[in-house]
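Structure file data_27.txt (compact mmCIF, C-alpha atoms) is printed below.
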```txt
# COMPACT_ATOMS: atom_id res chain seq x y z
CA MET R 1 206.00 222.08 75.65
CA ILE R 2 204.21 218.74 75.46
CA ASP R 3 204.21 216.83 78.75
CA PRO R 4 204.41 213.02 78.26
CA LYS R 5 202.01 212.60 81.19
CA ASP R 6 199.38 214.47 79.16
CA VAL R 7 199.95 212.09 76.24
CA ILE R 8 199.42 209.10 78.55
CA ASN R 9 196.22 210.63 79.99
CA GLU R 10 194.80 211.71 76.65
CA LYS R 11 195.62 208.72 74.45
CA SER R 12 194.68 205.11 75.05
CA VAL R 13 197.12 202.23 74.72
CA GLU R 14 195.20 201.11 71.64
CA GLU R 15 195.57 204.53 70.01
CA LEU R 16 199.31 204.59 70.61
CA CYS R 17 199.60 201.08 69.13
CA VAL R 18 197.82 202.31 66.00
CA SER R 19 200.17 205.30 65.82
CA ALA R 20 203.16 202.94 65.95
CA ASP R 21 201.79 200.81 63.12
CA ASN R 22 200.97 203.91 61.06
CA TYR R 23 204.56 205.04 61.46
CA PHE R 24 205.85 201.85 59.85
CA LYS R 25 203.15 201.99 57.17
CA SER R 26 204.41 205.44 56.21
CA ILE R 27 207.93 204.18 55.47
CA SER R 28 208.59 204.14 51.73
CA ASP R 29 212.29 203.19 51.84
CA LEU R 30 212.76 200.02 53.88
CA ILE R 31 216.56 199.88 53.61
CA PRO R 32 217.41 202.32 56.46
CA GLN R 33 215.18 200.32 58.79
CA ILE R 34 216.42 196.82 58.04
CA SER R 35 220.09 197.75 57.66
CA LYS R 36 220.44 198.89 61.27
CA PRO R 37 222.77 199.32 63.07
CA PHE R 38 224.72 200.27 59.92
CA SER R 39 222.16 202.58 58.36
CA SER R 40 223.48 205.96 59.53
CA LEU R 41 226.94 207.38 60.11
CA ILE R 42 225.36 209.58 62.78
CA GLU R 43 223.58 206.83 64.72
CA THR R 44 225.79 203.78 64.14
CA PRO R 45 228.54 204.46 66.75
CA ALA R 46 226.01 204.92 69.56
CA LEU R 47 223.90 201.95 68.45
CA LEU R 48 226.92 199.66 68.39
CA GLN R 49 228.09 200.86 71.78
CA ASN R 50 224.67 200.33 73.35
CA MET R 51 224.27 196.93 71.70
CA GLY R 52 227.65 195.84 73.03
CA ILE R 53 226.75 196.84 76.57
CA LEU R 54 223.43 195.01 76.38
CA LEU R 55 224.97 191.85 74.98
CA SER R 56 227.80 191.77 77.50
CA GLU R 57 225.68 192.31 80.60
CA LEU R 58 222.80 190.03 79.63
CA HIS R 59 225.15 187.03 79.93
CA LEU R 60 223.67 185.40 76.86
CA GLY R 61 224.32 181.78 76.04
CA LYS R 62 223.78 179.85 72.83
CA THR R 63 220.25 178.40 72.45
CA MET R 64 218.79 180.77 75.05
CA VAL R 65 215.24 181.90 74.28
CA VAL R 66 215.38 185.68 73.90
CA LEU R 67 212.39 187.99 73.53
CA ASP R 68 213.19 191.07 71.47
CA PHE R 69 210.44 193.30 72.84
CA GLY R 70 209.48 196.22 70.62
CA ALA R 71 211.54 194.59 67.89
CA GLY R 72 210.35 196.87 65.09
CA THR R 73 211.82 195.54 61.85
CA CYS R 74 213.64 192.81 63.83
CA TRP R 75 217.18 193.84 62.90
CA PHE R 76 218.41 193.20 66.46
CA SER R 77 216.69 189.80 66.44
CA ARG R 78 218.66 188.88 63.35
CA PHE R 79 221.96 189.47 65.15
CA LEU R 80 220.73 187.50 68.16
CA ASN R 81 219.96 184.64 65.78
CA GLN R 82 223.47 184.94 64.38
CA LEU R 83 224.68 184.44 67.96
CA GLN R 84 222.67 181.18 68.00
CA CYS R 85 219.93 182.36 70.32
CA GLN R 86 216.30 181.36 69.80
CA THR R 87 214.49 184.62 69.12
CA ILE R 88 210.94 185.85 69.44
CA SER R 89 210.42 189.26 67.83
CA CYS R 90 207.50 191.02 69.49
CA ASP R 91 205.93 194.31 68.41
CA VAL R 92 202.60 196.17 68.37
CA SER R 93 203.05 196.84 64.65
CA LYS R 94 202.10 194.03 62.31
CA THR R 95 203.64 196.08 59.51
CA ALA R 96 207.00 196.17 61.27
CA LEU R 97 206.92 192.42 61.86
CA GLU R 98 206.23 191.82 58.17
CA MET R 99 209.30 193.93 57.42
CA GLY R 100 211.20 191.71 59.86
CA LYS R 101 210.08 188.56 58.07
CA TYR R 102 211.28 190.12 54.81
CA LEU R 103 214.65 190.92 56.42
CA PHE R 104 215.21 187.33 57.54
CA ALA R 105 214.13 185.96 54.16
CA LYS R 106 216.15 188.42 52.09
CA PHE R 107 219.27 188.48 54.29
CA PRO R 108 219.45 185.21 56.26
CA ILE R 109 222.04 184.68 58.94
CA VAL R 110 225.33 183.01 58.08
CA GLY R 111 224.96 179.32 58.83
CA ASP R 112 221.94 177.46 60.18
CA PHE R 113 219.33 178.63 62.65
CA ILE R 114 219.28 176.97 66.06
CA SER R 115 215.53 177.38 65.59
CA GLU R 116 213.51 179.40 63.12
CA PRO R 117 212.81 182.99 64.29
CA LEU R 118 209.34 183.59 65.68
CA PHE R 119 207.28 186.75 65.19
CA LEU R 120 204.69 187.74 67.80
CA HIS R 121 202.13 190.52 67.48
CA PHE R 122 201.55 192.35 70.78
CA ASN R 123 198.22 193.94 71.66
CA GLY R 124 199.71 196.45 74.11
CA PHE R 125 198.63 194.54 77.22
CA LYS R 126 199.39 190.80 77.28
CA ILE R 127 202.40 189.04 75.79
CA ASP R 128 201.07 185.80 74.32
CA LEU R 129 203.71 183.52 75.80
CA PRO R 130 203.62 180.90 78.60
CA ASP R 131 204.77 181.63 82.14
CA LYS R 132 208.50 181.20 82.77
CA SER R 133 209.31 180.45 79.12
CA ILE R 134 211.92 183.13 78.35
CA ASP R 135 215.61 183.26 79.35
CA ARG R 136 216.31 186.89 78.46
CA ILE R 137 214.38 189.96 77.31
CA ILE R 138 215.88 192.82 75.31
CA CYS R 139 214.11 196.16 75.38
CA HIS R 140 216.11 198.36 73.03
CA ASP R 141 214.95 201.97 72.70
CA VAL R 142 211.28 201.10 73.23
CA PHE R 143 210.32 201.25 76.93
CA HIS R 144 210.06 205.06 76.86
CA HIS R 145 207.28 204.69 74.25
CA ILE R 146 205.17 202.51 76.58
CA PRO R 147 202.31 204.22 78.46
CA ASN R 148 201.37 201.25 80.69
CA GLN R 149 204.79 200.36 82.07
CA LYS R 150 203.38 198.67 85.19
CA THR R 151 201.46 196.19 83.03
CA ILE R 152 204.47 195.47 80.84
CA LEU R 153 206.84 194.92 83.78
CA SER R 154 204.30 192.50 85.25
CA GLU R 155 204.21 190.64 81.94
CA PHE R 156 208.02 190.57 81.75
CA SER R 157 208.16 189.00 85.21
CA ARG R 158 205.48 186.46 84.33
CA ILE R 159 207.14 185.12 81.17
CA LEU R 160 210.73 185.30 82.44
CA LYS R 161 212.33 182.21 83.94
CA ASN R 162 213.72 182.38 87.46
CA GLY R 163 217.23 183.74 87.12
CA GLY R 164 216.30 185.62 83.97
CA ILE R 165 217.40 189.14 83.02
CA VAL R 166 215.78 192.02 81.16
CA GLY R 167 218.17 194.48 79.51
CA PHE R 168 217.06 198.03 78.69
CA SER R 169 218.79 200.58 76.49
CA GLU R 170 216.81 203.81 76.73
CA PRO R 171 217.22 207.58 76.55
CA GLY R 172 217.78 209.62 79.69
CA ARG R 173 215.89 211.25 82.53
CA PHE R 174 214.91 214.37 80.55
CA HIS R 175 214.28 212.78 77.17
CA SER R 176 210.83 214.30 76.67
CA ARG R 177 212.22 217.84 76.67
CA ALA R 178 214.54 217.29 73.70
CA ALA R 179 213.58 219.04 70.48
CA GLN R 180 213.35 215.75 68.58
CA SER R 181 211.06 214.26 71.24
CA GLN R 182 208.74 217.25 71.13
CA TYR R 183 208.67 217.04 67.35
CA GLU R 184 207.81 213.33 67.41
CA MET R 185 204.99 213.76 69.95
CA LYS R 186 203.53 216.70 68.05
CA ASN R 187 203.59 215.24 64.57
CA PHE R 188 203.33 211.45 64.96
CA ASN R 189 201.09 210.96 68.02
CA VAL R 190 203.70 208.91 69.85
CA LEU R 191 204.86 208.92 73.44
CA GLU R 192 208.39 210.10 74.20
CA ASN R 193 208.58 209.58 77.94
CA ASP R 194 211.38 210.27 80.40
CA VAL R 195 213.19 207.28 81.90
CA ASN R 196 213.37 207.28 85.69
CA ILE R 197 215.03 204.05 86.79
CA LYS R 198 214.19 204.66 90.46
CA GLU R 199 210.49 204.68 89.64
CA ILE R 200 210.86 201.74 87.26
CA PHE R 201 212.60 199.58 89.85
CA SER R 202 210.01 200.49 92.48
CA VAL R 203 207.33 199.07 90.19
CA ALA R 204 209.52 196.13 89.11
CA LYS R 205 210.09 195.01 92.73
CA ARG R 206 206.35 194.76 93.26
CA ASN R 207 206.20 192.46 90.25
CA GLY R 208 208.83 189.91 91.22
CA PHE R 209 212.11 191.50 90.18
CA THR R 210 214.77 191.37 92.86
CA ASN R 211 217.64 193.55 91.67
CA ILE R 212 218.59 196.27 89.25
CA ARG R 213 222.04 197.08 87.91
CA CYS R 214 222.96 200.14 85.86
CA LYS R 215 225.77 200.37 83.35
CA LEU R 216 227.87 203.53 83.34
CA SER R 217 229.79 204.63 80.29
CA CYS R 218 232.46 207.24 79.70
CA ASP R 219 232.81 208.73 76.24
CA MET R 220 235.94 210.80 76.75
CA VAL R 221 238.78 211.44 74.35
CA VAL R 222 241.84 212.49 76.35
CA PRO R 223 245.39 213.61 75.63
CA ILE R 224 248.14 211.09 76.20
CA GLU R 225 249.15 212.80 79.43
CA TYR R 226 245.68 212.23 80.92
CA TYR R 227 245.67 208.65 79.71
CA GLN R 228 249.02 207.88 81.32
CA GLU R 229 248.03 209.50 84.60
CA ILE R 230 244.85 207.44 84.71
CA GLU R 231 246.83 204.29 83.87
CA GLU R 232 249.30 205.05 86.65
CA ASN R 233 246.51 205.87 89.11
CA THR R 234 247.76 209.36 89.99
CA GLN R 235 245.67 211.56 92.27
CA ASN R 236 244.84 214.21 89.69
CA LEU R 237 241.62 215.86 90.84
CA ASN R 238 241.06 217.58 87.50
CA ILE R 239 241.03 214.24 85.73
CA LYS R 240 238.61 212.76 88.28
CA GLU R 241 236.29 215.71 87.90
CA ASP R 242 236.40 215.49 84.12
CA ILE R 243 235.64 211.76 84.17
CA PHE R 244 232.79 212.22 86.63
CA GLY R 245 231.37 215.04 84.53
CA ASN R 246 231.55 212.96 81.37
CA VAL R 247 229.86 209.98 83.02
CA ARG R 248 227.08 212.23 84.32
CA ASN R 249 226.56 213.73 80.86
CA GLU R 250 226.27 210.22 79.43
CA ILE R 251 223.70 209.29 82.10
CA VAL R 252 221.61 212.32 81.12
CA LYS R 253 221.65 211.21 77.48
CA LYS R 254 221.06 207.47 77.91
CA THR R 255 220.04 204.92 80.49
CA ILE R 256 221.21 201.31 80.25
CA PHE R 257 220.04 199.05 83.04
CA PHE R 258 219.19 195.43 83.83
CA LEU R 259 216.40 193.92 85.90
CA TYR R 260 216.99 190.52 87.52
CA LYS R 261 214.34 188.01 88.49
CA GLY R 262 215.95 186.07 91.31
CA ASP R 263 219.56 184.91 91.41
CA PHE R 264 220.82 184.05 87.98
CA VAL R 265 223.27 181.17 87.66
CA LEU R 266 225.65 181.02 84.73
CA ASP R 267 225.50 177.84 82.69
CA SER R 268 227.77 176.20 80.16
CA ARG R 269 226.02 177.68 77.12
CA SER R 270 228.55 180.47 77.59
CA HIS R 271 232.29 180.37 78.31
CA ILE R 272 231.99 182.71 81.29
CA GLY R 273 232.88 181.07 84.61
CA LEU R 274 233.87 177.66 83.22
CA SER R 275 236.64 176.04 85.26
CA HIS R 276 237.61 172.56 86.45
CA HIS R 277 240.16 170.65 88.49
CA ILE R 278 240.86 167.04 87.46
CA SER R 279 242.58 164.47 89.69
CA ILE R 280 243.80 160.98 88.72
CA SER R 281 245.67 158.46 90.84
CA LYS R 282 248.54 157.64 88.43
CA ASN R 283 250.52 159.48 85.78
CA SER R 284 251.37 156.46 83.60
CA TYR R 285 249.54 153.34 82.40
CA SER R 286 250.03 150.27 80.19
CA VAL R 287 247.35 148.71 78.04
CA MET R 288 247.01 146.21 75.19
CA VAL R 289 246.10 147.39 71.67
CA ASN R 290 242.31 147.61 71.23
CA LYS R 291 241.74 146.84 74.89
CA GLY R 292 239.84 149.42 76.89
CA LEU R 293 241.85 151.45 79.41
CA ASP R 294 239.68 152.52 82.37
CA LEU R 295 240.67 155.81 83.95
CA SER R 296 239.08 156.86 87.24
CA LEU R 297 238.84 160.63 87.56
CA LYS R 298 237.78 163.05 90.25
CA ILE R 299 236.46 166.21 88.65
CA LEU R 300 235.68 169.38 90.59
CA ASN R 301 233.53 172.16 89.16
CA ASN R 302 235.54 174.97 90.72
CA GLY R 303 234.02 177.68 88.54
CA LYS R 304 230.85 179.75 88.75
CA THR R 305 228.93 177.94 86.03
CA LYS R 306 226.42 175.11 86.00
CA TRP R 307 227.50 172.34 83.60
CA LEU R 308 224.67 171.10 81.39
CA ASN R 309 224.42 167.43 80.44
CA GLU R 310 221.88 167.90 77.63
CA ASN R 311 220.70 170.65 75.30
CA ILE R 312 219.64 171.41 71.72
CA ASN R 313 222.24 170.06 69.27
CA ASN R 314 224.48 169.30 72.29
CA ILE R 315 225.39 173.00 72.49
CA GLY R 316 226.84 173.88 75.88
CA VAL R 317 226.85 170.26 77.04
CA VAL R 318 229.96 169.60 79.13
CA LYS R 319 231.88 166.38 78.50
CA VAL R 320 235.18 164.86 79.44
CA ALA R 321 237.29 164.90 76.29
CA THR R 322 240.79 163.83 75.36
CA HIS R 323 243.56 164.80 72.96
CA LEU R 324 246.17 162.29 71.86
CA TYR R 325 249.88 163.16 71.45
CA ASP R 326 252.86 161.00 70.60
CA SER R 327 255.81 160.67 72.97
CA LYS R 328 257.42 163.77 71.39
CA ASP R 329 254.31 165.85 72.14
CA THR R 330 253.14 166.06 68.53
CA LEU R 331 249.34 166.26 68.32
CA LEU R 332 247.87 163.15 66.68
CA ASN R 333 244.16 163.54 67.37
CA LEU R 334 242.49 166.61 68.87
CA ASP R 335 239.17 164.79 69.39
CA PHE R 336 240.42 161.41 70.53
CA SER R 337 237.42 160.63 72.74
CA ARG R 338 234.31 162.13 74.36
CA HIS R 339 232.60 161.01 77.60
CA SER R 340 229.24 162.31 78.81
CA PHE R 341 228.03 163.15 82.29
CA VAL R 342 224.72 161.71 83.49
CA ASN R 343 223.56 164.75 85.45
CA VAL R 344 223.90 168.52 85.63
CA ILE R 345 226.94 169.48 87.73
CA MET R 346 226.66 172.57 89.88
CA PRO R 347 229.44 174.98 90.93
CA GLY R 348 231.42 173.50 93.82
CA GLU R 349 230.32 169.94 93.07
CA MET R 350 232.82 167.07 92.91
CA VAL R 351 232.04 164.04 90.74
CA GLU R 352 233.81 160.73 90.22
CA LYS R 353 233.89 159.68 86.59
CA THR R 354 235.40 156.61 84.93
CA ILE R 355 236.22 156.94 81.26
CA THR R 356 237.34 154.18 78.91
CA VAL R 357 239.73 154.89 76.03
CA LYS R 358 241.05 152.52 73.36
CA PHE R 359 244.22 152.65 71.27
CA ASN R 360 244.37 150.91 67.90
CA GLU R 361 248.14 150.77 67.51
CA PRO R 362 251.14 150.19 69.78
CA GLY R 363 253.44 152.92 70.98
CA MET R 364 254.10 155.42 73.72
CA PHE R 365 251.45 158.13 73.86
CA ARG R 366 250.67 161.21 75.91
CA LEU R 367 246.97 161.54 76.69
CA CYS R 368 245.52 164.94 77.59
CA ILE R 369 242.31 164.85 79.64
CA ASP R 370 240.25 168.04 79.57
CA LEU R 371 236.62 169.15 79.57
CA VAL R 372 234.78 170.68 76.64
CA SER R 373 231.57 172.67 76.48
CA GLU R 374 230.29 171.54 73.11
CA GLY R 375 230.07 174.36 70.59
CA ILE R 376 231.50 176.81 73.13
CA CYS R 377 235.11 176.08 74.10
CA TRP R 378 237.69 173.76 75.61
CA PHE R 379 238.23 174.53 79.28
CA GLU R 380 242.00 174.61 78.71
CA ASN R 381 241.58 177.58 76.37
CA ILE R 382 240.10 179.72 79.13
CA GLY R 383 242.50 178.84 81.92
CA SER R 384 241.84 175.37 83.35
CA LYS R 385 244.75 172.95 83.48
CA PRO R 386 244.15 169.60 81.75
CA LYS R 387 245.57 166.38 83.15
CA PHE R 388 248.33 164.62 81.18
CA ILE R 389 249.19 160.93 81.50
CA MET R 390 251.60 158.65 79.66
CA VAL R 391 250.18 155.46 78.12
CA ASN R 392 252.34 152.55 76.89
CA VAL R 393 250.30 150.61 74.33
CA ILE R 394 251.65 147.10 73.69
```
Can you turn what I pasted into structure tokens?
Amino acid sequence: MIDPKDVINEKSVEELCVSADNYFKSISDLIPQISKPFSSLIETPALLQNMGILLSELHLGKTMVVLDFGAGTCWFSRFLNQLQCQTISCDVSKTALEMGKYLFAKFPIVGDFISEPLFLHFNGFKIDLPDKSIDRIICHDVFHHIPNQKTILSEFSRILKNGGIVGFSEPGRFHSRAAQSQYEMKNFNVLENDVNIKEIFSVAKRNGFTNIRCKLSCDMVVPIEYYQEIEENTQNLNIKEDIFGNVRNEIVKKTIFFLYKGDFVLDSRSHIGLSHHISISKNSYSVMVNKGLDLSLKILNNGKTKWLNENINNIGVVKVATHLYDSKDTLLNLDFSRHSFVNVIMPGEMVEKTITVKFNEPGMFRLCIDLVSEGICWFENIGSKPKFIMVNVI
């Protein structure tokens, strides 16, 4: 049996990089590579599940700069672009990156890019990016191929912004012993290493990472009786043992974990944690047609998310916004007005804001005052209560 430690000792980083490029050069049919994750009925369910876990726990936001490390043919990068992230596809194989460029050209995302995808060749040692320039790093099924993990973790920490996250989706603790792994190491001169998250985090801590979180998954199919007992929280020891056994089996097969560099703070490029409380002194006002009505508001950021006041294409920028209804509560104008904040507003912060609205015809109107994160959502749609006032326009 081939020991991955022997591969690391016997082959240089440069040799393993050449092996990776030779692998992509040997591919005659490009379609299975660029059509991932929908290229195989065998692999697709697991790929989609792992992708979903990575995307949910990375707390991505639109316009974030994401490094797809070990991107291969860049199929994952393409989906990140579709989610309106700014992507950098990085790989040791120039051949694979050329395939990725072909993928983006042949099958562009739906809609417009936030920014054009970037492709970065990696020499196996240094990632050619500035310090603290990356919001998130995705390492999907590649870290177990890396012989110099200490160097790479140091590079991840260097280029990652404070509060950044690296997400890993890798095989399990005994990956090298699998028949497929032995076959790959024997015939293609690649490294198929085991993934030991305890050892990885020990190295990561020495390189500036402050926390690690692991994602458990359960892949059980159960009879309806089991399902109902779980739902009703019965003390069935057999069920608990079966669930624990299934989770352990999943851990043996795959390892999904996240490294954090400092405390990450959610921001308004995502809907997660957005919440407000709006106060106003009166519930009804009178104003002349085409005369500005000044409304003095107190707005509390009572959520967990930092509100941005500027960003690319205004995406994720939080503004005071209003809807206009008639006296019978019929919507007249969903986007009646927008009002910008001057500064970033942090969780727990209270701001006083005066907005001015104008009405171009007389009547009795109901004005709804809410916040919007541009390109993301209205706060009302995720649970915050807007403020309603009546306005008599004469």
Would you list the residues near (230.5, 209.8, 84.6) (no more than 12 Å away, in the coordinates of the file, using only C-alpha atoms) as a PDB file with C-alpha atoms, keeping the file's coordinate frame?
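Writing the result to point_35.pdb gives the following:
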```pdb
ATOM      1  CA  LYS R 215     225.770 200.370  83.350  1.00  0.00           C
ATOM      2  CA  LEU R 216     227.870 203.530  83.340  1.00  0.00           C
ATOM      3  CA  SER R 217     229.790 204.630  80.290  1.00  0.00           C
ATOM      4  CA  CYS R 218     232.460 207.240  79.700  1.00  0.00           C
ATOM      5  CA  ASP R 219     232.810 208.730  76.240  1.00  0.00           C
ATOM      6  CA  MET R 220     235.940 210.800  76.750  1.00  0.00           C
ATOM      7  CA  ILE R 239     241.030 214.240  85.730  1.00  0.00           C
ATOM      8  CA  LYS R 240     238.610 212.760  88.280  1.00  0.00           C
ATOM      9  CA  GLU R 241     236.290 215.710  87.900  1.00  0.00           C
ATOM     10  CA  ASP R 242     236.400 215.490  84.120  1.00  0.00           C
ATOM     11  CA  ILE R 243     235.640 211.760  84.170  1.00  0.00           C
ATOM     12  CA  PHE R 244     232.790 212.220  86.630  1.00  0.00           C
ATOM     13  CA  GLY R 245     231.370 215.040  84.530  1.00  0.00           C
ATOM     14  CA  ASN R 246     231.550 212.960  81.370  1.00  0.00           C
ATOM     15  CA  VAL R 247     229.860 209.980  83.020  1.00  0.00           C
ATOM     16  CA  ARG R 248     227.080 212.230  84.320  1.00  0.00           C
ATOM     17  CA  ASN R 249     226.560 213.730  80.860  1.00  0.00           C
ATOM     18  CA  GLU R 250     226.270 210.220  79.430  1.00  0.00           C
ATOM     19  CA  ILE R 251     223.700 209.290  82.100  1.00  0.00           C
ATOM     20  CA  VAL R 252     221.610 212.320  81.120  1.00  0.00           C
ATOM     21  CA  LYS R 253     221.650 211.210  77.480  1.00  0.00           C
ATOM     22  CA  LYS R 254     221.060 207.470  77.910  1.00  0.00           C
TER      23      LYS R 254
END
```
Could you state the separation of CA of Asp112 in chain R and CA of Ile134 in chain R in Å, given to one decimal place?
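Separation of CA of Asp112 in chain R and CA of Ile134 in chain R: 21.5 Å.
Remark: for Phe258 in chain R, the closest of the candidate residues R:Ser39, R:Ser56, R:Asn22, R:Thr330 is R:Ser56 (distances computed over all atoms listed in the file).
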Hey, can you check how far CA of Ser181 in chain R sits from CA of Lys126 in chain R?
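Going from CA of Ser181 in chain R over to CA of Lys126 in chain R covers 26.9 Å.
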Would you mind listing, for every residue of range 334-365 of chain R within 6 Å of range 313-322 of chain R, the two atoms forming the shortest contact and the distance between them in Å to one decimal, using all atoms listed in the file, sorted by chain and ascending residue number, as a tab-separated table?
```
residue	atom	partner	partner_atom	distance
R:Phe336	CA	R:Thr322	CA	5.4
R:Ser337	CA	R:Thr322	CA	5.3
R:Arg338	CA	R:Ala321	CA	4.5
R:His339	CA	R:Val320	CA	5.0
R:Ser340	CA	R:Lys319	CA	4.9
```
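What separates CA of Arg177 in chain R from CA of Val190 in chain R is a distance of 14.1 Å.
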